[in-house]
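A.B. asks: The following file, query.txt, comprises compact mmCIF, C-alpha atoms and all ligand atoms:
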```txt
# COMPACT_ATOMS: atom_id res chain seq x y z
CA MET A 1 -43.04 40.70 96.25
CA ASN A 2 -39.57 42.07 96.37
CA SER A 3 -36.86 40.73 98.66
CA GLN A 4 -35.98 44.16 100.02
CA ARG A 5 -39.39 44.32 101.74
CA MET A 6 -40.43 41.70 104.30
CA PRO A 7 -43.84 40.37 103.28
CA MET A 8 -46.69 40.81 105.74
CA ILE A 9 -49.81 38.69 105.91
CA ALA A 10 -52.37 40.30 108.18
CA GLY A 11 -55.77 39.07 109.28
CA ASN A 12 -58.52 41.59 109.98
CA TRP A 13 -61.08 39.81 112.12
CA LYS A 14 -63.48 42.77 112.06
CA MET A 15 -66.35 42.25 114.55
CA HIS A 16 -65.87 38.48 114.68
CA MET A 17 -64.32 36.08 117.19
CA THR A 18 -64.65 36.12 120.96
CA ALA A 19 -61.46 36.18 123.02
CA ALA A 20 -61.86 32.46 123.80
CA ALA A 21 -62.13 31.59 120.10
CA GLY A 22 -59.28 33.95 119.28
CA LEU A 23 -56.99 32.29 121.81
CA GLU A 24 -57.65 28.87 120.35
CA TYR A 25 -57.01 30.20 116.85
CA LEU A 26 -53.79 31.92 117.89
CA HIS A 27 -52.49 28.78 119.55
CA THR A 28 -53.05 26.73 116.37
CA LEU A 29 -51.60 29.43 114.15
CA GLU A 30 -48.49 29.95 116.26
CA SER A 31 -47.74 26.24 116.30
CA SER A 32 -47.83 26.18 112.48
CA LEU A 33 -45.29 28.99 112.09
CA SER A 34 -41.55 28.79 112.37
CA ALA A 35 -39.33 31.61 113.58
CA GLN A 36 -37.24 31.23 110.42
CA ASP A 37 -40.06 31.92 107.95
CA ALA A 38 -39.38 35.20 106.18
CA VAL A 39 -42.88 36.57 106.60
CA GLU A 40 -44.42 38.84 109.17
CA VAL A 41 -47.80 37.61 110.39
CA ALA A 42 -50.23 40.00 112.05
CA LEU A 43 -53.75 39.83 113.43
CA PHE A 44 -56.22 42.64 114.10
CA PRO A 45 -58.73 41.33 116.67
CA ALA A 46 -61.53 43.27 118.37
CA PHE A 47 -60.42 45.57 121.20
CA THR A 48 -61.70 43.15 123.84
CA SER A 49 -59.44 40.37 122.58
CA ILE A 50 -56.23 42.36 122.30
CA TYR A 51 -55.16 41.99 125.92
CA PRO A 52 -55.66 38.22 126.27
CA LEU A 53 -54.07 37.55 122.88
CA CYS A 54 -51.07 39.72 123.75
CA GLN A 55 -50.38 37.53 126.75
CA VAL A 56 -49.70 34.53 124.54
CA ALA A 57 -48.62 35.84 121.12
CA LYS A 58 -44.96 35.25 120.36
CA ARG A 59 -44.51 34.97 116.61
CA VAL A 60 -47.69 36.82 115.59
CA ARG A 61 -47.83 40.60 115.74
CA LEU A 62 -51.06 42.13 117.00
CA GLY A 63 -52.76 45.36 116.11
CA ALA A 64 -55.97 47.30 116.65
CA GLN A 65 -58.64 47.83 114.02
CA ASN A 66 -59.19 51.46 114.91
CA MET A 67 -58.27 54.22 117.35
CA TYR A 68 -59.37 57.76 118.16
CA THR A 69 -57.57 60.95 117.19
CA GLU A 70 -57.10 62.30 120.74
CA ALA A 71 -54.71 60.90 123.34
CA GLU A 72 -57.21 61.23 126.21
CA GLY A 73 -60.33 63.08 127.24
CA ALA A 74 -64.10 62.93 127.47
CA PHE A 75 -64.73 60.72 124.43
CA THR A 76 -67.00 57.95 125.68
CA GLY A 77 -66.45 54.66 123.92
CA GLU A 78 -63.20 55.56 122.21
CA VAL A 79 -59.71 54.08 122.61
CA SER A 80 -56.53 56.12 122.19
CA ALA A 81 -53.05 55.61 120.78
CA PRO A 82 -51.22 55.60 124.15
CA MET A 83 -53.73 53.03 125.49
CA LEU A 84 -53.12 50.77 122.51
CA ARG A 85 -49.38 51.26 122.64
CA GLU A 86 -49.30 49.53 126.03
CA LEU A 87 -50.33 46.37 124.20
CA VAL A 88 -49.65 46.56 120.45
CA ASP A 89 -47.61 48.49 117.92
CA LEU A 90 -49.85 48.31 114.84
CA VAL A 91 -53.17 49.97 114.01
CA LEU A 92 -55.46 50.03 110.99
CA VAL A 93 -56.36 53.55 109.90
CA GLY A 94 -59.16 54.25 107.45
CA HIS A 95 -60.38 50.75 106.68
CA SER A 96 -63.12 51.11 104.08
CA GLU A 97 -65.75 50.08 106.63
CA ARG A 98 -64.63 52.96 108.86
CA ARG A 99 -64.79 55.31 105.89
CA HIS A 100 -68.12 54.13 104.49
CA ILE A 101 -70.15 52.90 107.47
CA PHE A 102 -68.80 55.32 110.08
CA GLY A 103 -68.19 58.30 107.81
CA GLU A 104 -64.49 58.76 108.57
CA ASP A 105 -62.97 61.22 106.13
CA ASP A 106 -59.41 61.89 105.02
CA ASP A 107 -58.93 64.78 107.44
CA LEU A 108 -59.94 62.69 110.44
CA LEU A 109 -57.74 59.85 109.19
CA ASN A 110 -54.87 62.29 108.81
CA ARG A 111 -55.18 63.15 112.51
CA LYS A 112 -55.34 59.47 113.43
CA THR A 113 -52.25 58.69 111.36
CA GLU A 114 -50.36 61.57 112.93
CA ARG A 115 -51.39 60.53 116.44
CA ALA A 116 -50.48 56.89 115.85
CA LEU A 117 -47.00 57.91 114.69
CA GLU A 118 -46.62 60.27 117.63
CA TYR A 119 -47.17 57.32 119.98
CA ASP A 120 -44.98 54.95 118.03
CA LEU A 121 -47.79 52.83 116.62
CA GLN A 122 -47.28 51.71 113.03
CA PRO A 123 -50.35 52.79 111.04
CA VAL A 124 -51.65 50.63 108.22
CA LEU A 125 -53.26 53.33 106.12
CA CYS A 126 -56.03 51.81 104.02
CA VAL A 127 -56.98 53.31 100.67
CA GLY A 128 -59.15 52.20 97.78
CA GLU A 129 -61.69 53.27 95.23
CA THR A 130 -65.40 52.44 95.00
CA LEU A 131 -66.85 50.67 91.98
CA GLU A 132 -68.30 53.96 90.68
CA GLU A 133 -64.88 55.60 90.92
CA ARG A 134 -63.23 52.70 89.08
CA ASP A 135 -65.90 52.72 86.36
CA ALA A 136 -65.47 56.47 85.97
CA GLY A 137 -61.70 56.01 85.51
CA ALA A 138 -61.08 57.91 88.76
CA THR A 139 -59.22 55.17 90.69
CA LEU A 140 -55.82 56.83 90.84
CA GLU A 141 -57.31 60.26 91.44
CA ARG A 142 -59.19 58.93 94.46
CA ILE A 143 -56.17 57.15 95.88
CA THR A 144 -53.92 60.16 95.32
CA ALA A 145 -56.39 62.24 97.32
CA GLN A 146 -56.55 59.66 100.11
CA LEU A 147 -52.75 59.49 100.39
CA THR A 148 -52.16 63.21 100.02
CA ARG A 149 -54.77 64.18 102.60
CA GLY A 150 -54.05 61.22 104.83
CA LEU A 151 -50.37 62.13 105.09
CA ALA A 152 -50.75 65.94 104.95
CA GLY A 153 -48.41 67.79 107.27
CA ILE A 154 -46.62 64.63 108.41
CA ASP A 155 -42.86 64.73 108.23
CA LYS A 156 -41.36 62.41 105.57
CA GLN A 157 -39.14 60.63 108.07
CA ALA A 158 -42.05 59.96 110.43
CA ALA A 159 -44.30 58.85 107.55
CA GLN A 160 -41.67 56.31 106.47
CA LYS A 161 -43.03 54.09 109.24
CA ILE A 162 -46.44 53.57 107.61
CA ILE A 163 -47.70 50.50 105.81
CA VAL A 164 -50.25 51.11 103.03
CA ALA A 165 -53.11 48.72 102.32
CA TYR A 166 -54.77 48.98 98.93
CA GLU A 167 -58.28 47.60 99.21
CA PRO A 168 -60.63 48.29 96.31
CA VAL A 169 -64.01 48.77 98.01
CA TRP A 170 -65.73 46.64 95.36
CA ALA A 171 -63.51 43.68 96.25
CA ILE A 172 -64.00 43.70 100.03
CA GLY A 173 -66.14 40.85 101.25
CA THR A 174 -67.65 40.43 97.77
CA GLY A 175 -65.69 37.44 96.53
CA ARG A 176 -64.65 39.65 93.62
CA THR A 177 -60.89 40.21 93.59
CA ALA A 178 -58.86 42.62 91.53
CA THR A 179 -56.81 40.68 89.01
CA PRO A 180 -53.11 40.51 89.89
CA GLU A 181 -52.43 42.92 87.01
CA GLN A 182 -55.09 45.41 88.16
CA ALA A 183 -53.72 45.30 91.68
CA GLN A 184 -50.09 45.59 90.55
CA GLU A 185 -50.94 48.66 88.45
CA VAL A 186 -52.41 50.45 91.46
CA HIS A 187 -49.64 49.30 93.81
CA ALA A 188 -46.95 50.64 91.48
CA ALA A 189 -48.89 53.90 91.19
CA ILE A 190 -49.16 54.14 94.99
CA ARG A 191 -45.40 53.68 95.30
CA SER A 192 -44.87 56.59 92.88
CA MET A 193 -47.43 58.71 94.73
CA LEU A 194 -45.47 58.19 97.94
CA ALA A 195 -42.48 60.07 96.51
CA GLY A 196 -42.13 63.25 98.53
CA LYS A 197 -44.49 61.95 101.23
CA VAL A 198 -42.14 59.39 102.78
CA SER A 199 -38.36 59.34 102.74
CA ASP A 200 -37.95 56.05 100.82
CA PRO A 201 -40.99 54.73 98.90
CA ALA A 202 -39.05 51.66 97.75
CA ARG A 203 -39.02 50.40 101.34
CA ILE A 204 -42.70 50.99 102.14
CA ARG A 205 -44.83 47.87 102.28
CA ILE A 206 -48.03 47.99 100.28
CA LEU A 207 -50.51 45.22 101.13
CA TYR A 208 -53.39 44.16 98.91
CA GLY A 209 -56.79 43.46 100.43
CA GLY A 210 -60.15 42.42 99.02
CA SER A 211 -61.28 38.78 98.86
CA VAL A 212 -57.76 37.38 99.21
CA LYS A 213 -57.96 33.61 99.62
CA PRO A 214 -55.66 30.60 99.21
CA GLU A 215 -56.74 30.22 95.56
CA ASN A 216 -55.59 33.69 94.49
CA SER A 217 -52.89 34.57 97.01
CA LEU A 218 -49.91 33.17 95.10
CA ASP A 219 -50.76 35.11 91.92
CA LEU A 220 -51.41 38.34 93.81
CA LEU A 221 -48.29 38.07 95.96
CA SER A 222 -46.16 37.28 92.90
CA GLN A 223 -46.59 40.84 91.67
CA PRO A 224 -43.50 42.99 92.26
CA ASP A 225 -45.22 45.78 94.21
CA ILE A 226 -47.58 43.62 96.28
CA ASP A 227 -45.81 43.14 99.60
CA GLY A 228 -48.43 41.19 101.45
CA ALA A 229 -52.13 40.87 102.10
CA LEU A 230 -54.77 42.22 104.43
CA VAL A 231 -57.22 39.37 104.74
CA GLY A 232 -60.77 39.60 106.08
CA GLY A 233 -63.09 36.63 105.50
CA ALA A 234 -60.33 34.10 104.83
CA SER A 235 -58.59 34.99 108.10
CA LEU A 236 -61.50 33.79 110.23
CA ARG A 237 -60.33 30.20 110.06
CA VAL A 238 -56.72 29.17 110.65
CA GLU A 239 -56.55 26.80 107.68
CA PRO A 240 -57.12 29.26 104.79
CA PHE A 241 -55.16 31.98 106.59
CA SER A 242 -52.19 29.62 106.99
CA ALA A 243 -52.43 28.67 103.33
CA ILE A 244 -52.11 32.35 102.39
CA ILE A 245 -49.10 32.65 104.70
CA GLN A 246 -47.59 29.61 102.95
CA SER A 247 -47.94 31.40 99.58
CA ALA A 248 -45.83 34.25 100.91
CA ILE A 249 -43.24 31.84 102.32
CA ARG A 250 -43.02 30.05 98.97
CA LEU A 251 -42.37 33.34 97.19
CA ASN A 252 -39.88 34.58 99.76
CA PRO A 253 -37.88 31.59 100.96
CA ALA A 254 -35.74 32.36 104.01
P1 LIG B 301 -62.15 40.41 102.72
O1 LIG B 301 -61.86 41.70 103.62
O2 LIG B 301 -60.86 39.63 102.65
O3 LIG B 301 -63.24 39.67 103.44
O4 LIG B 301 -62.57 40.89 101.37
C1 LIG B 301 -60.67 42.42 103.48
C2 LIG B 301 -60.67 43.59 104.43
O5 LIG B 301 -61.74 44.17 104.67
O6 LIG B 301 -59.61 43.98 104.97
```
Kindly present the structure from the file in structure tokens form.
Ligand code: PGA
C.D. replies:
Amino acid sequence: MNSQRMPMIAGNWKMHMTAAAGLEYLHTLESSLSAQDAVEVALFPAFTSIYPLCQVAKRVRLGAQNMYTEAEGAFTGEVSAPMLRELVDLVLVGHSERRHIFGEDDDLLNRKTERALEYDLQPVLCVGETLEERDAGATLERITAQLTRGLAGIDKQAAQKIIVAYEPVWAIGTGRTATPEQAQEVHAAIRSMLAGKVSDPARIRILYGGSVKPENSLDLLSQPDIDGALVGGASLRVEPFSAIIQSAIRLNPA
């Protein structure tokens, strides 16, 4: 971490947690956090939980796990940026499950990123290589393509609002984490790749995701270009998620 960037610990609940369970979780989490802690805490619940959670969240920032490219229209089952913006100001774009299970490609994600920014939602643009790409030595090539296409045509000033999440596909939900050094290498490379795409790469937050848990969070977050974590499995219970938040607080005392 680096003191010029506020660390963010974000929980991606994926398709878990009813609204009732989410409310109970949020209540416990909020009571464990202090307003003074120099860490931003965010949760990405399912669409159906966003509204009830928004009614009670004070310290925790909420976001959506996905959105559609168009602002409105005949797109049954989709949710748009202006609809989300009534409730939240953060949205995940291009999570690896969206890319791999739902076939979302960089061009579609480019339109989502652009639309999110247009409606003043802060996109968390997720990038990451597959195991085959890593084994073939194509990690940085893949991520360069994801960032270049994902941010194509977007003005540098507007793009400055994004957060990037680096999530190696082989580390998501597998229990297999990138080593802190492996992650740092890619994070530093991402920061360099952002030159020319955003106005000030040094101020962009780059989160690491992929089997982050209390046992590895301190080492990962100690790396200079890792500005936080996007946590899946370990965010489903308050206790491990809080422990990860505590790692960030330890490294970035107020
Ligand atoms: P995981 O998921 O922490 O369960 O690996 C991370 C993510 O998908 O964002």
A.B. asks: For ligand LIG 301 (chain B), collect every residue having any atom at a distance of at most 9 Å from a ligand atom (counting all atoms listed in the file); output as a PyMOL selection string.
C.D. replies: chain A and resi 10-14+95-97+126+165+167+169-177+208-213+229-235
A.B. asks: Of the candidates A:Thr18, A:Gln4, A:Ser192, A:Thr48, which one gets nearest to Leu140 (chain A) if we count all atoms listed in the file?
C.D. replies: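 Looking at the shortest contact to Leu140 (chain A), the residue is A:Ser192.
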A.B. asks: Between A:Ile50, A:Val238, A:Ala183, A:Val198, single out the one closest to Gly153 (chain A), counting only C-alpha atoms.
C.D. replies: A:Val198
A.B. asks: Find the spatial neighbours of region 214-223 of chain A, counting only C-alpha atoms, within a cut-off of 10 Å - ignore same-chain residues fewer than 2 positions away - and output them as an NGL selection string.
C.D. replies: :A and (1-2 or 7 or 177-185 or 187-188 or 207-209 or 211-212 or 225-229 or 234 or 239-252)
A.B. asks: Which value, in Å to one decimal, gives the distance between CA of Leu87 (chain A) and CA of Val164 (chain A)?
C.D. replies: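 These two atoms are separated by 21.7 Å.
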A.B. asks: Of the candidates A:Leu29, A:Leu121, A:Ala189, A:Leu194, which one gets nearest to Thr148 (chain A) if we count all atoms listed in the file?
C.D. replies: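 Closest candidate: A:Leu194.
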A.B. asks: With only C-alpha atoms as the atoms that count, which of A:Val91, A:Val39, A:Leu33, A:Met83 lies nearest to Thr113 (chain A)?
C.D. replies: A:Val91
A.B. asks: Tell me, in Å to one decimal, how far CA of Ile204 (chain A) is from CA of Met8 (chain A).
C.D. replies: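 Value for the CA of Ile204 (chain A)-CA of Met8 (chain A) distance: 11.5 Å.
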A.B. asks: Any idea what the distance is between CA of Ser31 (chain A) and CA of Asn66 (chain A)?
C.D. replies: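 Separation between CA of Ser31 (chain A) and CA of Asn66 (chain A): 27.7 Å.
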A.B. asks: Between A:Asp37, A:Glu70, A:Glu24, A:Glu141, single out the one closest to Pro52 (chain A), counting only C-alpha atoms.
C.D. replies: A:Glu24
A.B. asks: With all atoms listed in the file counted, which protein, DNA or RNA residues have an atom no more than 12 Å from (-56.0, 59.1, 127.4) in the file frame? Please answer as a list in words.
C.D. replies: Met67, Tyr68, Thr69, Glu70, Ala71, Glu72, Gly73, Ala74, Phe75, Thr76, Gly77, Glu78, Val79, Ser80, Ala81, Pro82, Met83, Leu84, Arg85, Glu86, Arg115 and Tyr119 of chain A
A.B. asks: Please identify all polymer residues lying at most 7 Å from the point (-51.3, 40.4, 113.5) (file coordinates), using all atoms listed in the file, and present the result as an MDAnalysis selection string.
C.D. replies: chainID A and resid 10:11 41:44 60:63
A.B. asks: If we count all atoms listed in the file and set the cut-off at 8 Å, which residues sit around Met193 (chain A), ignoring sequence neighbours fewer than 3 positions away in its own chain? Please answer as a PyMOL selection string.
C.D. replies: chain A and resi 144+147+189-190+196-197
